[in-house]
Amino acid sequence: SRRNVLITGCSSGIGLALAVKMAKDEERRFKVYATMRNLAKKEPLEEAVGRRLGKTLEIKQLDVCDEQSIKTCVNSIPDRRIDVLVSNAGMGLIGPIECQTIDEMKTVMDTNFFGLVRLLKEILPDMKKRKSGHIVIISSVMGIQGILFNDVYAASKFAVEGFCESLAIQALKFKLQLSLIEPGPVITEFERKVFEDGMKMDLSAADKETAEMFTNIYLKNYKQIFQSLGQSAEDVAEHTIKVILAENPPFRHQTNTLYTPMTTLKYADPNGDLPIDIFYKMVFHHDKIFSASLNFIKLLRWRSRKSFDLGKPSQ
Ligand code: NAD
């Protein structure tokens with residue numbers, strides 16, 4: 001039977017790509033409620049979904065920072081029935097913390113972490129009652145491992161991961177599924193916005209060394225990292241649909257096999273020094289390490305062709 005899917009943040013990027021792919025499913029397995037904070041931005045989604053609009057996809061207003069808008073949106077869905085919730089809305093923030101205000105940081109936490117909490121406060125009780133439902137969260141590899149100058153963003157995704165690890169145990173008792181999707185770099189509006197904000201950032205509050213590190217190392221390599229490792233939003237959407245259709249959906253799923261070795265370092269050393277050392281070398285001695293890691297990536301690319309398999313999707 002057709003599953004009701006509610007997705008947040010569908011005006012661009014991963015949310016838009018996922019909404020469109022699910023609405024265009026050949027077997028028509030989904031009814032998509034594609035939500036966005038600002039309905040004035042619905043045109044790209046409307047255009048991409050074409051004649052399926054109003055049939056397998058409806059567009060609704062939902063701001064994850066506004067409890068009332070979540071309530072109104074959920075109440076407008078027949079029987080309030082949401083079989084799959086995709087918590088995707090999110091925002092980034094880069095730069096030295098000396099140059100960010102507490103209010104800016106709070107907005108990131110409020111969107112990325114409390115946004116998920118607000119959704120679940122409204123939707124989880126119904127899922128528990130029905131003893132069915134799948135909660136899918138677009139987290140990040142930065143939910144497992146921090147990266148230079150992404151301190152607050154990584155903290156917001158760590159918050160999401162800790163919250164979900166805790167909730168997953170309870171969810172199991174109610175036969176609910178919980179899945180964290182962990183993309184590496186994805187080429188979307190997100191990446192463009194974050195980079196532009198970084199370029200515009202007033203660095204006067206930081207010391208010279210920190211400011212130079214941010215401009216001459218981080219921002220300088222930013223585009224190249226996205227170009228060499230970046231995935232498309234469609235690719236991440238494809239992975240997410242596989243997780244949604246899997247017979248036994250995994251709790252964690254990384255979408256980028258090129259990134260997996262980095263997160264594995266975390267579990268390889270209980271002292272936690274190994275990933276920090278490697279990141280340090282990559283950032284500050286990247287000339288030598290960089291060519292070695294490129295060779296490594298080539299090897300992984302060859303291996304990953306064979307290894308990616310989430311098992312048979314359920315019907
Ligand atoms: P994006 O900027 O294209 O999409 C994010 C969407 O969230 C936007 O449409 C934005 O309007 C929406 N949004 C922001 N605040 C909102 C609010 N209060 N209420 C409702 N919607 C709101 O970027 P994206 O890359 O598609 O990001 C989607 C998710 O993927 C985010 O959670 C992000 O953290 C995560 N992610 C992105 C990357 C990347 O490199 N782009 C990597 C890993 C994870």
# chains A, B, ... in the order shown; residues from 1 in each chain; ligands from 1
$ residues_near_ligand --ligand "ligand 1" --cutoff "6 Å" --atoms "only C-alpha atoms and all ligand atoms" --output "PyMOL selection string"
chain A and resi 8-15+36-37+62-65+88-91+111+138-140+183-191
$ write_last_selection --atoms "C-alpha atoms" --output "mmCIF file, in the first residue's frame"
data_model
loop_
_atom_site.group_PDB
_atom_site.id
_atom_site.type_symbol
_atom_site.label_atom_id
_atom_site.label_comp_id
_atom_site.auth_asym_id
_atom_site.auth_seq_id
_atom_site.Cartn_x
_atom_site.Cartn_y
_atom_site.Cartn_z
ATOM 1 C CA THR A 8 11.117 18.981 5.423
ATOM 2 C CA GLY A 9 13.221 21.571 3.569
ATOM 3 C CA CYS A 10 12.044 20.750 0.024
ATOM 4 C CA SER A 11 12.682 24.088 -1.681
ATOM 5 C CA SER A 12 16.195 23.022 -2.687
ATOM 6 C CA GLY A 13 18.959 20.420 -2.488
ATOM 7 C CA ILE A 14 18.493 16.948 -1.047
ATOM 8 C CA GLY A 15 14.896 17.588 0.100
ATOM 9 C CA MET A 36 9.093 24.111 3.018
ATOM 10 C CA ARG A 37 9.389 27.139 5.259
ATOM 11 C CA LEU A 62 6.340 23.920 7.480
ATOM 12 C CA ASP A 63 9.005 25.791 9.410
ATOM 13 C CA VAL A 64 10.923 23.421 11.700
ATOM 14 C CA CYS A 65 11.554 26.346 14.064
ATOM 15 C CA ASN A 88 16.055 17.103 6.145
ATOM 16 C CA ALA A 89 15.844 20.858 6.795
ATOM 17 C CA GLY A 90 19.157 22.169 8.006
ATOM 18 C CA MET A 91 21.773 24.851 7.732
ATOM 19 C CA THR A 111 17.183 24.438 13.076
ATOM 20 C CA ILE A 138 19.544 13.634 7.079
ATOM 21 C CA SER A 139 22.505 13.898 9.431
ATOM 22 C CA SER A 140 26.084 14.171 8.154
ATOM 23 C CA PRO A 183 26.337 12.265 3.549
ATOM 24 C CA GLY A 184 29.838 13.627 3.070
ATOM 25 C CA PRO A 185 30.086 16.796 0.972
ATOM 26 C CA VAL A 186 27.052 17.339 -1.273
ATOM 27 C CA ILE A 187 26.945 19.974 -3.993
ATOM 28 C CA THR A 188 23.818 22.017 -3.151
ATOM 29 C CA GLU A 189 22.690 25.510 -2.177
ATOM 30 C CA PHE A 190 23.998 24.660 1.302
ATOM 31 C CA GLU A 191 27.565 24.442 0.134
#
$ closest_atom_pairs --of "stretch 82-108 of chain A" --to "stretch 126-132 of chain A" --cutoff "10 Å" --atoms "only C-alpha atoms" --output "JSON lines"
{"residue": "A:Ile82", "atom": "CA", "partner": "A:Met127", "partner_atom": "CA", "distance": 7.7}
{"residue": "A:Asp83", "atom": "CA", "partner": "A:Ser132", "partner_atom": "CA", "distance": 7.1}
{"residue": "A:Val84", "atom": "CA", "partner": "A:Ser132", "partner_atom": "CA", "distance": 9.3}
$ closest_residue --among "A:Ile217, A:Leu178, A:Val160, A:Val141" --to "A:Thr257" --atoms "only C-alpha atoms"
A:Val141
$ select_by_dssp --residues "stretch 16-162 of chain A" --states "strand (DSSP E or B)" --output "PyMOL selection string"
chain A and resi 30-36+53+57-61+84-87+134-138
$ closest_atom_pairs --of "stretch 207-256 of chain A" --to "stretch 273-288 of chain A" --cutoff "12 Å" --atoms "only C-alpha atoms" --output "tab-separated table"
residue	atom	partner	partner_atom	distance
A:Met213	CA	A:Phe284	CA	9.4
A:Phe214	CA	A:Val283	CA	11.0
A:Asn216	CA	A:Val283	CA	11.0
A:Ile217	CA	A:Val283	CA	7.3
A:Tyr218	CA	A:Val283	CA	8.1
A:Leu219	CA	A:Val283	CA	11.6
A:Lys220	CA	A:Val283	CA	11.2
A:Asn221	CA	A:Val283	CA	9.3
A:Tyr222	CA	A:Val283	CA	11.3
A:Ile225	CA	A:Val283	CA	11.6
$ write_last_selection --atoms "N, CA and C atoms" --output "compact mmCIF listing (two decimals), in the first residue's frame"
# COMPACT_ATOMS: atom_id res chain seq x y z
N MET A 213 44.45 31.01 8.64
CA MET A 213 44.16 29.59 8.54
C MET A 213 42.80 29.37 7.87
N PHE A 214 41.84 30.21 8.28
CA PHE A 214 40.49 30.09 7.72
C PHE A 214 40.48 30.48 6.24
N ASN A 216 43.24 31.12 4.06
CA ASN A 216 44.23 30.55 3.13
C ASN A 216 44.27 29.03 3.13
N ILE A 217 43.74 28.40 4.13
CA ILE A 217 43.72 26.94 4.11
C ILE A 217 42.30 26.43 3.92
N TYR A 218 41.41 26.81 4.83
CA TYR A 218 40.06 26.23 4.77
C TYR A 218 39.31 26.67 3.51
N LEU A 219 39.11 27.98 3.36
CA LEU A 219 38.32 28.46 2.22
C LEU A 219 38.99 28.15 0.88
N LYS A 220 40.32 28.17 0.89
CA LYS A 220 41.04 27.92 -0.35
C LYS A 220 40.83 26.49 -0.86
N ASN A 221 40.72 25.56 0.07
CA ASN A 221 40.56 24.16 -0.33
C ASN A 221 39.10 23.70 -0.41
N TYR A 222 38.21 24.56 0.06
CA TYR A 222 36.79 24.22 0.17
C TYR A 222 36.21 23.68 -1.14
N ILE A 225 37.57 20.30 -2.29
CA ILE A 225 37.05 19.16 -1.54
C ILE A 225 35.69 18.75 -2.09
$ residues_around --residues "A:Glu58" --least-positions-apart "4" --cutoff "12 Å" --atoms "only C-alpha atoms" --output "PyMOL selection string"
chain A and resi 4-7+10+19-20+22-23+30-36+39+42+45-46+49-54+73+76-77
$ write_last_selection --atoms "N, CA and C atoms" --output "PDB file, in the first residue's frame"
ATOM      1  N   ASN A   4       2.593   7.324   3.213  1.00  0.00           N
ATOM      2  CA  ASN A   4       2.654   8.789   3.320  1.00  0.00           C
ATOM      3  C   ASN A   4       4.032   9.206   3.822  1.00  0.00           C
ATOM      4  N   VAL A   5       4.674  10.085   3.054  1.00  0.00           N
ATOM      5  CA  VAL A   5       6.031  10.522   3.401  1.00  0.00           C
ATOM      6  C   VAL A   5       6.034  12.037   3.600  1.00  0.00           C
ATOM      7  N   LEU A   6       6.453  12.507   4.756  1.00  0.00           N
ATOM      8  CA  LEU A   6       6.592  13.949   4.962  1.00  0.00           C
ATOM      9  C   LEU A   6       8.080  14.305   4.968  1.00  0.00           C
ATOM     10  N   ILE A   7       8.448  15.253   4.113  1.00  0.00           N
ATOM     11  CA  ILE A   7       9.858  15.671   4.003  1.00  0.00           C
ATOM     12  C   ILE A   7       9.943  17.165   4.321  1.00  0.00           C
ATOM     13  N   CYS A  10      12.104  21.227   1.415  1.00  0.00           N
ATOM     14  CA  CYS A  10      12.044  20.750   0.024  1.00  0.00           C
ATOM     15  C   CYS A  10      12.187  21.829  -1.034  1.00  0.00           C
ATOM     16  N   ALA A  19      12.049  14.473  -2.767  1.00  0.00           N
ATOM     17  CA  ALA A  19      10.607  14.629  -2.980  1.00  0.00           C
ATOM     18  C   ALA A  19      10.244  14.263  -4.418  1.00  0.00           C
ATOM     19  N   VAL A  20      11.038  14.756  -5.365  1.00  0.00           N
ATOM     20  CA  VAL A  20      10.753  14.526  -6.783  1.00  0.00           C
ATOM     21  C   VAL A  20      10.912  13.041  -7.132  1.00  0.00           C
ATOM     22  N   MET A  22      10.706  10.441  -5.198  1.00  0.00           N
ATOM     23  CA  MET A  22       9.669   9.611  -4.568  1.00  0.00           C
ATOM     24  C   MET A  22       8.319   9.823  -5.253  1.00  0.00           C
ATOM     25  N   ALA A  23       8.041  11.073  -5.640  1.00  0.00           N
ATOM     26  CA  ALA A  23       6.768  11.361  -6.314  1.00  0.00           C
ATOM     27  C   ALA A  23       6.718  10.701  -7.689  1.00  0.00           C
ATOM     28  N   PHE A  30       4.576   5.885  -2.977  1.00  0.00           N
ATOM     29  CA  PHE A  30       4.610   6.963  -1.982  1.00  0.00           C
ATOM     30  C   PHE A  30       3.610   8.069  -2.291  1.00  0.00           C
ATOM     31  N   LYS A  31       3.055   8.634  -1.213  1.00  0.00           N
ATOM     32  CA  LYS A  31       2.360   9.916  -1.325  1.00  0.00           C
ATOM     33  C   LYS A  31       3.229  10.912  -0.554  1.00  0.00           C
ATOM     34  N   VAL A  32       3.780  11.880  -1.284  1.00  0.00           N
ATOM     35  CA  VAL A  32       4.777  12.774  -0.698  1.00  0.00           C
ATOM     36  C   VAL A  32       4.151  14.093  -0.239  1.00  0.00           C
ATOM     37  N   TYR A  33       4.371  14.445   1.018  1.00  0.00           N
ATOM     38  CA  TYR A  33       4.048  15.773   1.511  1.00  0.00           C
ATOM     39  C   TYR A  33       5.362  16.530   1.584  1.00  0.00           C
ATOM     40  N   ALA A  34       5.614  17.305   0.538  1.00  0.00           N
ATOM     41  CA  ALA A  34       6.874  18.045   0.439  1.00  0.00           C
ATOM     42  C   ALA A  34       6.673  19.387   1.118  1.00  0.00           C
ATOM     43  N   THR A  35       7.412  19.620   2.200  1.00  0.00           N
ATOM     44  CA  THR A  35       7.174  20.849   2.958  1.00  0.00           C
ATOM     45  C   THR A  35       8.353  21.809   2.845  1.00  0.00           C
ATOM     46  N   MET A  36       8.038  23.087   3.019  1.00  0.00           N
ATOM     47  CA  MET A  36       9.093  24.111   3.018  1.00  0.00           C
ATOM     48  C   MET A  36       8.661  25.282   3.886  1.00  0.00           C
ATOM     49  N   LEU A  39       6.702  29.203   1.100  1.00  0.00           N
ATOM     50  CA  LEU A  39       6.033  28.681  -0.092  1.00  0.00           C
ATOM     51  C   LEU A  39       6.334  29.501  -1.355  1.00  0.00           C
ATOM     52  N   LYS A  42       8.425  27.663  -4.033  1.00  0.00           N
ATOM     53  CA  LYS A  42       7.979  26.333  -4.461  1.00  0.00           C
ATOM     54  C   LYS A  42       8.152  26.051  -5.952  1.00  0.00           C
ATOM     55  N   LEU A  45      10.408  23.119  -7.330  1.00  0.00           N
ATOM     56  CA  LEU A  45       9.830  21.815  -7.005  1.00  0.00           C
ATOM     57  C   LEU A  45       8.634  21.519  -7.906  1.00  0.00           C
ATOM     58  N   GLU A  46       7.759  22.516  -8.060  1.00  0.00           N
ATOM     59  CA  GLU A  46       6.587  22.333  -8.930  1.00  0.00           C
ATOM     60  C   GLU A  46       7.008  21.957 -10.338  1.00  0.00           C
ATOM     61  N   VAL A  49       8.491  18.356 -10.525  1.00  0.00           N
ATOM     62  CA  VAL A  49       7.577  17.238 -10.290  1.00  0.00           C
ATOM     63  C   VAL A  49       6.520  17.127 -11.399  1.00  0.00           C
ATOM     64  N   GLY A  50       6.288  18.229 -12.117  1.00  0.00           N
ATOM     65  CA  GLY A  50       5.420  18.230 -13.298  1.00  0.00           C
ATOM     66  C   GLY A  50       4.004  17.739 -13.023  1.00  0.00           C
ATOM     67  N   ARG A  51       3.560  16.787 -13.851  1.00  0.00           N
ATOM     68  CA  ARG A  51       2.147  16.383 -13.773  1.00  0.00           C
ATOM     69  C   ARG A  51       1.803  15.532 -12.560  1.00  0.00           C
ATOM     70  N   ARG A  52       2.810  15.143 -11.803  1.00  0.00           N
ATOM     71  CA  ARG A  52       2.503  14.376 -10.583  1.00  0.00           C
ATOM     72  C   ARG A  52       2.026  15.281  -9.442  1.00  0.00           C
ATOM     73  N   LEU A  53       2.150  16.616  -9.659  1.00  0.00           N
ATOM     74  CA  LEU A  53       1.746  17.569  -8.613  1.00  0.00           C
ATOM     75  C   LEU A  53       0.251  17.402  -8.309  1.00  0.00           C
ATOM     76  N   GLY A  54      -0.076  17.295  -7.038  1.00  0.00           N
ATOM     77  CA  GLY A  54      -1.478  17.112  -6.646  1.00  0.00           C
ATOM     78  C   GLY A  54      -1.893  15.650  -6.682  1.00  0.00           C
ATOM     79  N   CYS A  73       0.479  21.743   9.738  1.00  0.00           N
ATOM     80  CA  CYS A  73       0.807  20.890   8.595  1.00  0.00           C
ATOM     81  C   CYS A  73       0.385  19.443   8.861  1.00  0.00           C
ATOM     82  N   SER A  76      -3.275  18.755   8.699  1.00  0.00           N
ATOM     83  CA  SER A  76      -3.887  18.831   7.367  1.00  0.00           C
ATOM     84  C   SER A  76      -3.722  17.533   6.579  1.00  0.00           C
ATOM     85  N   ILE A  77      -3.001  16.585   7.133  1.00  0.00           N
ATOM     86  CA  ILE A  77      -2.774  15.306   6.437  1.00  0.00           C
ATOM     87  C   ILE A  77      -3.851  14.315   6.889  1.00  0.00           C
TER      88      ILE A  77
END
$ residues_around --residues "A:Gln100" --least-positions-apart "2" --cutoff "10 Å" --atoms "only C-alpha atoms" --output "PDB file with C-alpha atoms, in the first residue's frame"
ATOM      1  CA  LEU A  93      27.938  27.559   9.652  1.00  0.00           C
ATOM      2  CA  ILE A  94      31.698  27.816   9.166  1.00  0.00           C
ATOM      3  CA  GLY A  95      34.452  29.975  10.539  1.00  0.00           C
ATOM      4  CA  PRO A  96      36.311  30.739  13.770  1.00  0.00           C
ATOM      5  CA  ILE A  97      33.954  30.894  16.775  1.00  0.00           C
ATOM      6  CA  GLU A  98      35.480  34.246  17.761  1.00  0.00           C
ATOM      7  CA  ILE A 102      25.902  33.221  20.068  1.00  0.00           C
ATOM      8  CA  ASP A 103      22.643  34.081  18.280  1.00  0.00           C
ATOM      9  CA  GLU A 104      23.989  32.746  14.978  1.00  0.00           C
ATOM     10  CA  MET A 105      25.061  29.562  16.730  1.00  0.00           C
ATOM     11  CA  VAL A 152      28.967  24.481  15.839  1.00  0.00           C
ATOM     12  CA  MET A 201      32.807  36.901   7.222  1.00  0.00           C
ATOM     13  CA  ASP A 202      34.239  39.710   9.322  1.00  0.00           C
ATOM     14  CA  LEU A 203      37.428  38.153  10.680  1.00  0.00           C
ATOM     15  CA  ALA A 205      37.717  39.425  16.015  1.00  0.00           C
TER      16      ALA A 205
END
$ residues_around --residues "stretch 161-165 of chain A" --least-positions-apart "3" --cutoff "8 Å" --atoms "only C-alpha atoms" --output "mmCIF file with N, CA and C atoms, in the first residue's frame"
data_model
loop_
_atom_site.group_PDB
_atom_site.id
_atom_site.type_symbol
_atom_site.label_atom_id
_atom_site.label_comp_id
_atom_site.auth_asym_id
_atom_site.auth_seq_id
_atom_site.Cartn_x
_atom_site.Cartn_y
_atom_site.Cartn_z
ATOM 1 N N SER A 139 21.467 13.440 8.514
ATOM 2 C CA SER A 139 22.505 13.898 9.431
ATOM 3 C C SER A 139 23.709 14.300 8.582
ATOM 4 N N GLY A 143 28.252 14.384 11.909
ATOM 5 C CA GLY A 143 27.549 13.919 13.093
ATOM 6 C C GLY A 143 28.357 12.862 13.833
ATOM 7 N N ILE A 144 29.433 12.380 13.188
ATOM 8 C CA ILE A 144 30.301 11.375 13.799
ATOM 9 C C ILE A 144 31.664 11.962 14.098
ATOM 10 N N LYS A 157 24.972 18.398 14.641
ATOM 11 C CA LYS A 157 24.736 17.060 14.084
ATOM 12 C C LYS A 157 25.076 15.968 15.111
ATOM 13 N N PHE A 158 26.067 16.212 15.955
ATOM 14 C CA PHE A 158 26.344 15.288 17.066
ATOM 15 C C PHE A 158 25.114 15.221 17.983
ATOM 16 N N ALA A 168 16.363 5.488 19.597
ATOM 17 C CA ALA A 168 16.252 4.253 18.797
ATOM 18 C C ALA A 168 15.914 3.056 19.669
ATOM 19 N N ILE A 169 16.380 3.092 20.915
ATOM 20 C CA ILE A 169 16.144 1.958 21.814
ATOM 21 C C ILE A 169 14.655 1.886 22.174
ATOM 22 N N LEU A 178 14.341 3.791 12.813
ATOM 23 C CA LEU A 178 15.038 5.070 12.840
ATOM 24 C C LEU A 178 16.299 4.926 11.985
ATOM 25 N N LEU A 180 19.669 7.171 10.325
ATOM 26 C CA LEU A 180 20.453 8.379 10.110
ATOM 27 C C LEU A 180 21.180 8.261 8.769
#
$ select_by_dssp --residues "stretch 32-222 of chain A" --states "helix (DSSP H, G or I)" --output "ChimeraX atom specification"
/A:39-41,43-52,67-75,78-80,97-99,102-130,141-143,151-173,189-200,208-222
$ atom_distance --atom1 "atom CA of A:Gln177" --atom2 "atom CA of A:Gly133"
6.3 Å
$ closest_residue --among "A:Lys55, A:Lys21, A:Lys175, A:Lys60" --to "A:Asn38" --atoms "only C-alpha atoms"
A:Lys60
$ atom_distance --atom1 "atom CA of A:Phe251" --atom2 "atom CA of A:Gln170"
13.4 Å
